[in-house]
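Below is one structure, written out as structure tokens; comments come after it.
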There are 4 protein chains.
Amino acid sequence: MFDKLNEECGVFGIYTNKPGHHVVEQTYLALYALQHRGQESCGIAVCDDGLIHYHRDLGLVPDVFSRETLEKLGGGNMAVGHVRYSTTGTKSRSNAQPLVVRHMKGAMALAHNGNLTNAAELRESLEMDGAIFHSTNDTEVISYIITKARIRTDSIESAVEEAMKQIMGAYSLVIMSPTKLIAARDPHGFRPLCIGELDGDIIFASESCALDSLGATFIRDIEPGEIVVADKDGVRSITTHCGGPSAFCVFEFIYFARPDSVISGASVHTARQRAGAFLALEHPVQADVVVGIPDSGIDAALGFARQTGIPYGIGFIKNRYIGRTFIQPTQSERERSVRIKLNAIQATVKNKRVALIDDSIVRGTTMVQTVNLIREAGAREVHLRFACPPFVNPCYFGTDIDSRENLIACRMTTDEMRDYFGVDSLGFLSVASVTKIAEGARCDFCTGCFTGQYPVDEPKAVKKNRFEYKISESIESMA
Amino acid sequence: MFDKLNEECGVFGIYTNKPGHHVVEQTYLALYALQHRGQESCGIAVCDDGLIHYHRDLGLVPDVFSRETLEKLGGGNMAVGHVRYSTTGTKSRSNAQPLVVRHMKGAMALAHNGNLTNAAELRESLEMDGAIFHSTNDTEVISYIITKARIRTDSIESAVEEAMKQIMGAYSLVIMSPTKLIAARDPHGFRPLCIGELDGDIIFASESCALDSLGATFIRDIEPGEIVVADKDGVRSITTHCGGPSAFCVFEFIYFARPDSVISGASVHTARQRAGAFLALEHPVQADVVVGIPDSGIDAALGFARQTGIPYGIGFIKNRYIGRTFIQPTQSERERSVRIKLNAIQATVKNKRVALIDDSIVRGTTMVQTVNLIREAGAREVHLRFACPPFVNPCYFGTDIDSRENLIACRMTTDEMRDYFGVDSLGFLSVASVTKIAEGARCDFCTGCFTGQYPVDEPKAVKKNRFEYKISESIESMA
Amino acid sequence: MFDKLNEECGVFGIYTNKPGHHVVEQTYLALYALQHRGQESCGIAVCDDGLIHYHRDLGLVPDVFSRETLEKLGGGNMAVGHVRYSTTGTKSRSNAQPLVVRHMKGAMALAHNGNLTNAAELRESLEMDGAIFHSTNDTEVISYIITKARIRTDSIESAVEEAMKQIMGAYSLVIMSPTKLIAARDPHGFRPLCIGELDGDIIFASESCALDSLGATFIRDIEPGEIVVADKDGVRSITTHCGGPSAFCVFEFIYFARPDSVISGASVHTARQRAGAFLALEHPVQADVVVGIPDSGIDAALGFARQTGIPYGIGFIKNRYIGRTFIQPTQSERERSVRIKLNAIQATVKNKRVALIDDSIVRGTTMVQTVNLIREAGAREVHLRFACPPFVNPCYFGTDIDSRENLIACRMTTDEMRDYFGVDSLGFLSVASVTKIAEGARCDFCTGCFTGQYPVDEPKAVKKNRFEYKISESIESMA
Amino acid sequence: MFDKLNEECGVFGIYTNKPGHHVVEQTYLALYALQHRGQESCGIAVCDDGLIHYHRDLGLVPDVFSRETLEKLGGGNMAVGHVRYSTTGTKSRSNAQPLVVRHMKGAMALAHNGNLTNAAELRESLEMDGAIFHSTNDTEVISYIITKARIRTDSIESAVEEAMKQIMGAYSLVIMSPTKLIAARDPHGFRPLCIGELDGDIIFASESCALDSLGATFIRDIEPGEIVVADKDGVRSITTHCGGPSAFCVFEFIYFARPDSVISGASVHTARQRAGAFLALEHPVQADVVVGIPDSGIDAALGFARQTGIPYGIGFIKNRYIGRTFIQPTQSERERSVRIKLNAIQATVKNKRVALIDDSIVRGTTMVQTVNLIREAGAREVHLRFACPPFVNPCYFGTDIDSRENLIACRMTTDEMRDYFGVDSLGFLSVASVTKIAEGARCDFCTGCFTGQYPVDEPKAVKKNRFEYKISESIESMA
């Protein structure tokens with residue numbers, strides 16, 4: 001709806017020694033808590049004594065799962081869940097996850113968050129060997145690599161360990177074999193993945209908020225490069241790929257993760273407040289009220305207000321009923337479209353100098369209208385501040401950052417943006433500060449989208465492998 | 001989802017001298033802005049050169065209106081819209097509005113917000129004369145009374161004027177005849193109704209936020225007792241029922257209306273902040289952070305924080321994806337249900353003394369769990385404050401206040417509630433203060449639900465006529 | 001799909017002294033057996049100890065009733081069902097039946113098959129007295145008339161008796177009051193209505209095939225003018241309106257009724273075979289094979305073949321999967337449309353002289369293409385025969401015969417039709433014969449559509465009252 | 001609904017040199033004509049300048065394809081369509097066809113009718129080499145084999161030719177590569193496949209009735225073992241696998257194919273009439289009327305009547321509105337279930353000796369009730385005749401014949417069946433006669449289900465490979 005980046009996916013897994021329908025229920029509930037990480041499709045696979053059942057489709061969790069569907073899924077001793085927003089591969093039912101495949105040793109379900117940088121090369125090599133693909137997503141490549149490795153190894157976890165030597169880039173994986181539930185995180189740890197416990201059951205989840213929503217106990221983050229195996233013998237860890245430098249996506253702290261999550265020891269909410277505070281230090285302003293653009297600018301606005309002592313105010317109402325099926329009237333302009341979703345509160349901004357805070361800006365398509373709302377409501381001055389640096393580079397690790405020509409910060413200077421938005425001043429948080437927002441975080445950060453410096457090699461030849469597979473990809477374009 | 005009162009309805013109408021599809025589009029957009037006033041059913045009726053087309057059904061605006069449906073409705077020179085939450089009459093497709101009826105002089109569409117106090121008597125009298133009813137809602141009674149009056153009068157507006165002598169209670173009405181659009185408000189002005197203008201078109205709406213969402217200009221509130229007629233000759237007012245004492249529902253300011261609306265000259269958002277400030281004065285507290293329960297407690301919390309100087313904090317995340325189709329897991333207790341919808345932010349409350357603010361409490365069904373969330377997140381003390389007085393009486397004017405036995409404040413003292421909720425202290429805003437929150441409002445208030453003092457006579461015999469018509473009502477119980 | 005007349009409605013009612021869910025189930029099953037009488041909307045109302053619940057909507061029985069809906073309806077001691085094809089009143093959810101209304105004495109559900117000839121006058125008179133209407137169908141007029149009569153009488157059956165003095169035209173009614181189930185048939189008996197018994201329960205149904213489908217026993221037809229009352233005291237009959245000349249719609253025997261029904265003592269299937277035999281006598285032909293156009297021409301074709309001794313053959317396959325949601329390809333002509341629904345069987349017709357039999361023809365829109373199919377399949381000669389006379393007049397009694405300009409027999413002579421259809425000869429059954437097809441039937445017939453001689457006065461002024469209420473009717477045009 | 005065997009699938013393909021949306025439209029229309037061959041799922045894939053788009057889902061053609069879906073599919077120069085009833089692989093969205101896969105040389109769509117006898121071995125061998133499978137159907141195995149062959153060959157048609165050396169059993173295939181449309185039929189020609197032409201476009205279809213429905217011209221059957229390639233250079237044939245003994249499924253003539261189809265030079269309708277005639281010769285009867293059980297017994301009944309000279313009668317009405325969503329009332333017995341779908345016509349059978357004809361019997365679950373209907377309607381004697389021999393063996397070539405224990409003819413002798421059904425006499429057509437019904441057919445027949453003599457080796461170890469892949473299969477069990 002608004003001008004935001006999209007995260008690729010959220011993953012979840014649960015292993016119990018007391019099999020039942022509750023593994024499906026817990027997964028269903030957890031997917032609600034992870035829905036912000038992907039709204040395009042979702043799915044659940046459950047393993048009942050070695051047999052895997054699954055259901056997945058395009059849509060939000062409540063669209064895809066009815067009471068009847070959940071009941072049909074039955075119960076078991078393991079389940080895997082996934083929510084997805086597509087980056088590689090177009091919107092398609094056949095890209096929905098968990099991916100479930102049969103192979104020599106039985107069956108396997110995979111849920112993946114991230115993006116490989118060498119998927120194109122791997123795919124080409126597999127195809128030269130006679131492989132066929134049903135989808136364009138990286139997860140099918142990963143499942144092939146693991147399957148091939150499985151022939152040469154004596155366990156699924158060894159196959160995953162082998163596969164990790166070949167796949168490059170970002171991946172937080174949850175894998176379900178007929179008897180084991182496995183979580184694995186790439187050696188840089190680009191995407192979050194943590195482990196929790198509830199009544200003796202082991203849980204893997206993209207974010208700790210999913211644990212909270214179930215009343216589970218957070219145990220720890222899975223380490224970059226770590227493989228964790230849960231089976232009837234308990235939980236064990238394989239750390240052969242651990243120990244390298246980490247590169248956690250800083251934008252998880254800025255926007256993607258839910259504010260109530262704690263990642264790598266740092267509170268997301270606190271990080272966003274600190275981003276606001278740093279922003280106030282770097283770009284101070286004389287204002288009467290600090291207003292955040294809902295929902296993502298609210299935390300930083302509060303931090304900005306506290307740092308400056310300027311009163312924090314509620315300057316906008318966001319209409320919670322405008323959803324996917326909202327019908328854009330034919331004869332209306334974009335301007336009206338923002339107005340129907342957002343309204344300024346006159347009482348907060350009238351005759352005031354307003355410090356207007358948002359977390360980030362991507363294409364810059366709706367900001368002019370948002371500023372206009374607050375001007376019409378009587379704001380005397382508008383000082384716009386973003387709690388992250390300008391995006392100027394693509395991301396190869398699991399977000400949908402556009403080609404450079406669509407990024408407003410690639411097309412305009414800060415002064416040009418200020419004039420274009422019609423604000424009195426404009427400021428972005430510095431790269432130096434953005435890496436400090438996650439107070440106490442036990443990780444280093446990837447800031448490639450701001451700096452162009454990436455922790456691993458960029459994909460060869462084509463920037464995103466979706467362009468390389470033109471013929472294949474278009475197959476997927478029907479829902 | 002949470003423990004809140006429900007407003008009955010929202011109404012909307014538009015009259016243009018440049019007929020087209022835009023009257024339907026504007027109504028559709030406005031219903032989104034009024035959706036908070038009723039989520040059970042909605043509808044639009046449009047008048048095209050004297051012919052009325054309509055569509056209405058159970059469901060939210062996006063459920064009921066597809067692009068195809070909107071196109072089929074066509075265009076015209078007038079349209080009426082309605083969103084409904086049922087109080088009188090059970091949930092039923094046949095209670096959806098606008099009500100469209102044929103009578104001697106053609107056809108008529110009615111959209112009604114409110115509740116009559118003499119509907120039962122009127123209905124009985126009409127039935128003795130051979131009337132048949134298709135629904136249990138008051139709107140059908142009103143349409144009969146107007147139709148009967150129309151036989152004796154020479155215009156629809158005179159018929160409305162006549163009818164207003166007979167119907168008692170709360171009503172904000174928008175009526176569409178083949179040639180005129182009429183708005184009428186009961187003499188006490190229980191429910192809001194305002195008039196606006198957009199490119200020469202005349203608009204009637206329950207709240208000014210609907211005008212804002214269209215980019216329309218707010219003109220003024222319709223006066224208690226006033227009838228406003230829009231037709232090809234322009235707009236005119238009939239004021240024969242005006243001039244008595246007003247009794248605007250104070251709970252519109254506390255909870256029902258959207259914060260960005262301005263009613264009777266007072267900002268709703270400001271009123272809620274003021275409620276928080278008065279609350280702080282009446283029930284001060286030693287605390288480290290002020291936290292509002294989202295969404296309705298946020299405004300008051302900010303007012304409480306400003307008044308006391310205690311920092312305002314964001315203490316909860318509300319899951320925006322939990323909707324009507326959320327499936328309550330069978331084996332989970334109520335406790336989990338709150339947890340999936342709401343999560344406390346540890347970083348905000350851990351080791352803190354928390355002033356916890358909500359706007360109101362009705363049955364008290366989820367508060368224990370909400371307090372529990374914040375306790376688990378590490379709050380050292382929890383001081384609960386409500387920005388309105390305790391509900392101890394039914395409402396006869398358009399809200400769904402339960403019979404007394406379901407109201408927690410009828411069953412427990414404040415001290416008992418404090419212990420039941422598990423909080424360290426508890427306070428309610430006083431009745432004296434609640435009538436002062438709407439600064440500058442040009443109206444008096446109905447506070448019957450707090451005081452038992454009603455501005456008009458209570459319904460005779462039965463409290464709500466739904467109990468009187470047992471046979472009839474049950475007819476409606478199927479969707 | 002094909003060029004056929006449409007029947008207005010089917011009605012059903014059941015009364016039991018052993019209340020339960022089975023009354024709803026039986027009604028549901030019976031509506032399947034009556035579905036051929038109306039495919040536009042359907043509904044069921046059930047009475048549980050005086051309380052009426054109902055569900056109705058646009059669509060076929062399986063579209064409208066799910067397991068959940070049937071369960072929600074619950075059980076009771078009476079139920080009424082209805083299937084509808086609209087003649088008066090446009091397609092609209094608010095025209096779906098049973099109509100359920102509240103009035104002075106409680107509630108009432110009505111299911112109606114037929115068409116009043118004085119509905120416009122009655123409606124106008126009621127409106128002058130302040131009545132409001134929600135729909136354009138005659139059933140609402142009937143319910144008003146009965147309600148008014150109820151005030152002056154001491155029982156619902158007396159009110160029906162009174163009402164029958166005022167309403168003119170065709171009606172087979174099933175009426176459910178809080179305690180009684182009543183069936184009534186107009187004095188001419190235009191439409192069928194019979195009574196059956198199953199395990200002590202009393203059943204009213206439009207056709208005996210509905211009784212068979214339940215395994216019920218057929219008792220007798222309800223007499224023209226008769227009122228039958230079922231209540232806790234048993235079944236009784238009111239015959240004050242009986243005894244006049246009857247005028248059963250002969251087209252029920254020709255096309256509307258299901259072949260397995262028995263009406264007025266005559267088998268429908270046999271009547272159609274006899275029609276074919278009379279047709280062979282009146283329009284003999286030298287042919288090698290007799291082929292019926294499915295499904296309605298099959299019975300007559302068999303009769304024709306038996307009478308002539310020419311072999312009966314299966315000349316067409318009808319595609320059973322072409323339903324309401326079939327999408328007519330944009331670039332295809334009407335010709336293809338018939339081809340996809342019907343295919344000729346070469347083996348039956350190749351090099352043969354074919355006697356091609358259909359029951360009737362209305363607009364003549366698809367016959368050219370049907371003949372073309374059989375020509376392409378190699379038929380040497382095609383001799384077309386219709387088992388009823390040409391339609392040249394409107395029907396005022398419950399079918400949707402078009403205005404004359406749309407009836408092909410009003411625009412062309414038999415010779416012109418023969419040339420237009422491209423057949424070698426053409427013949428229609430005579431009016432004299434058509435009244436003899438129902439062997440042993442204890443009734444006279446209405447043949448107004450063929451002769452223009454109607455048993456009751458035609459409606460005044462306008463031919464069909466739908467044209468009189470232009471303003472009102474268009475209200476209904478939205479689903 | 002009734003006790004019938006199910007055919008596996010229907011396939012369709014079209015190649016044009018004038019690309020456009022019409023290839024999708026024609027495929028859509030043709031699937032209606034082939035719907036009787038599979039009602040569980042369907043799909044269309046279209047190739048637009050090398051890019052393949054597709055849509056497929058569970059459901060009938062009108063359920064799966066809306067106007068919007070068809071439009072989204074766009075146009076192209078080739079399209080492939082499929083209707084499916086599952087035999088191998090459970091009901092599952094992921095088993096819907098056409099299967100679309102990407103491989104080394106681009107993409108490929110496959111539509112398959114038949115059943116491999118060595119699928120299990122092929123699958124195992126592929127898996128040992130690292131293959132992963134998304135489904136349990138044979139089509140995915142075939143696509144792997146072709147893909148592997150494609151690496152070693154220089155064209156897709158050569159790859160198909162190679163693959164045909166490895167795959168054993170029954171297959172009629174339509175394959176679409178980015179530039180070619182290929183049809184292939186197994187060397188025994190178990191399942192039908194023909195070629196037609198329409199305005200220069202080349203069409204492949206399971207049955208000729210699909211050609212008729214489009215107005216296309218039938219050219220010829222594709223020969224057993226033949227590969228036909230259509231591309232920009234025209235149509236050519238590869239016949240290296242041709243010339244062996246054929247073994248066409250005789251049950252296609254008895255029940256599966258549509259009566260208006262012509263297969264291998266023989267009319268299906270005529271074959272069924274002949275079956276009835278042979279039946280009359282083998283099992284003559286003294287009767288007054290010959291009645292077929294609709295729809296499948298009608299043709300044979302007519303043949304029986306003609307042979308014997310006993311009058312043919314219409315003895316049953318089948319309710320056309322009972323579909324998939326019919327809700328079986330909870331408290332009703334099976335007996336009622338037949339009654340609601342079928343009703344006997346008293347006028348035809350009362351006091352008559354009835355020769356009752358059906359095409360076949362499988363489990364024998366509804367025959368008792370069907371006989372009961374005709375007894376209740378007054379039949380004096382009932383002589384039951386089946387127009388094919390008793391089923392006593394499984395089918396490995398694409399039908400869903402049950403394991404032997406479910407086949408009534410495996411459990412009872414003819415005399416026992418006669419008594420169980422409650423008929424006066426009972427007869428089955430002989431195997432000797434059944435192979436003579438398709439007059440003039442240029443093929444030999446597979447009669448394995450009657451004789452146990454199969455034209456190719458039975459699958460090893462397990463009878464049907466679905467039992468071998470227990471783990472895999474259950475993955476598919478969710479829709």
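Labels used: A, B, ... for chains in the order of the structure tokens, numbers from 1 for residues in each chain, and numbers from 1 for ligands as shown.
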
From a DSSP pass on the backbone, collect the residues of region 81-289 of chain A flagged as alpha helix (DSSP H) and hand them back as a PyMOL selection string. chain A and resi 119-128+138-152+156-166+208-214+250-251+268-282

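Counting only C-alpha atoms, Val228 (chain B) has the following residues at most 7 Å away, ignoring those fewer than 4 positions along the same chain: Ile182, Ala183, Ala184, Val235, Arg236, Ser237 and Ile238 of chain B.
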
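Proximity ranking of C:Ile145, C:Val24, C:Ala266, C:Ala111 relative to chain B places C:Ile145 first, based on only C-alpha atoms.
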
If we count only C-alpha atoms and set the cut-off at 7 Å, which residues sit around region 351-353 of chain C, ignoring sequence neighbours fewer than 2 positions away in its own chain? Please answer as a ChimeraX atom specification. /C:287-289,349,355,378-382

Residues as selected, N, CA and C atoms, written as a compact mmCIF listing (two decimals), in the first residue's frame, can you do that?
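After the write, part11.txt holds the following:
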```txt
# COMPACT_ATOMS: atom_id res chain seq x y z
N ALA C 287 -40.17 -41.50 -43.34
CA ALA C 287 -38.83 -41.29 -42.77
C ALA C 287 -38.22 -42.62 -42.40
N ASP C 288 -36.89 -42.60 -42.16
CA ASP C 288 -36.17 -43.83 -41.81
C ASP C 288 -35.90 -43.93 -40.32
N VAL C 289 -35.92 -42.78 -39.67
CA VAL C 289 -35.65 -42.79 -38.24
C VAL C 289 -36.35 -41.59 -37.59
N VAL C 349 -28.08 -40.91 -38.17
CA VAL C 349 -28.79 -40.11 -39.16
C VAL C 349 -28.19 -40.14 -40.56
N ALA C 355 -37.18 -37.89 -39.09
CA ALA C 355 -38.30 -37.16 -38.48
C ALA C 355 -37.77 -36.58 -37.17
N GLY C 378 -25.13 -35.84 -42.07
CA GLY C 378 -25.45 -36.65 -43.25
C GLY C 378 -26.92 -36.99 -43.47
N ALA C 379 -27.82 -36.35 -42.70
CA ALA C 379 -29.25 -36.62 -42.89
C ALA C 379 -29.65 -36.22 -44.31
N ARG C 380 -30.40 -37.07 -44.97
CA ARG C 380 -30.78 -36.79 -46.36
C ARG C 380 -31.99 -35.85 -46.39
N GLU C 381 -32.93 -36.11 -45.49
CA GLU C 381 -34.10 -35.23 -45.38
C GLU C 381 -34.33 -34.97 -43.89
N VAL C 382 -34.87 -33.79 -43.58
CA VAL C 382 -35.22 -33.49 -42.18
C VAL C 382 -36.66 -33.00 -42.14
```

Per DSSP on the backbone, what are the strand (DSSP E) residues of region 241-404 of chain D, as JSON, numbers by chain? {"D": [248, 249, 262, 263, 266, 267, 289, 290, 291, 292, 312, 313, 316, 317, 318, 342, 343, 344, 353, 354, 355, 356, 357, 358, 381, 382, 383, 384, 385, 386]}

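A straight line drawn from CA of Asn113 (chain A) to CA of Ala163 (chain A) is 16.2 Å long.
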
Compute the chain C side of the contact with chain D at 7 Å, counting only C-alpha atoms, and hand it back as a list in words. Glu25, Tyr32, Pro62, Arg67, Ser213, Asp260, Ser267, Thr270, Ile317, Tyr321, Thr325, Phe326, Ile327, Pro329, Arg339, Ile340, Asn343, Ala344, Ile345 and Ala347 of chain C

Could you name the residues that touch Ile222 (chain D) at 7 Å or less, counting only C-alpha atoms, but leaving out those on the same chain fewer than 4 positions away, as a PyMOL selection string? chain D and resi 193-195+226

Selection from above, N, CA and C atoms, as a JSON list (two decimals), in the first residue's frame, can you write it?
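Listed below is the output, result_34.json:
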```json
[["chain", "number", "residue", "atom", "x", "y", "z"],
["D", 193, "LEU", "N", -6.61, -41.52, -29.40],
["D", 193, "LEU", "CA", -5.98, -40.23, -29.70],
["D", 193, "LEU", "C", -6.14, -40.00, -31.19],
["D", 194, "CYS", "N", -6.68, -38.84, -31.53],
["D", 194, "CYS", "CA", -6.91, -38.60, -32.96],
["D", 194, "CYS", "C", -6.42, -37.22, -33.35],
["D", 195, "ILE", "N", -6.40, -36.98, -34.65],
["D", 195, "ILE", "CA", -5.89, -35.74, -35.18],
["D", 195, "ILE", "C", -6.96, -35.12, -36.08],
["D", 226, "GLU", "N", 2.75, -44.38, -32.85],
["D", 226, "GLU", "CA", 3.10, -43.24, -33.70],
["D", 226, "GLU", "C", 3.41, -41.98, -32.89]]
```

Find, counting only C-alpha atoms, the residue in D:Asn115, D:Ala120, D:Gly243, D:Val101 that gets nearest to His134 (chain D). D:Val101
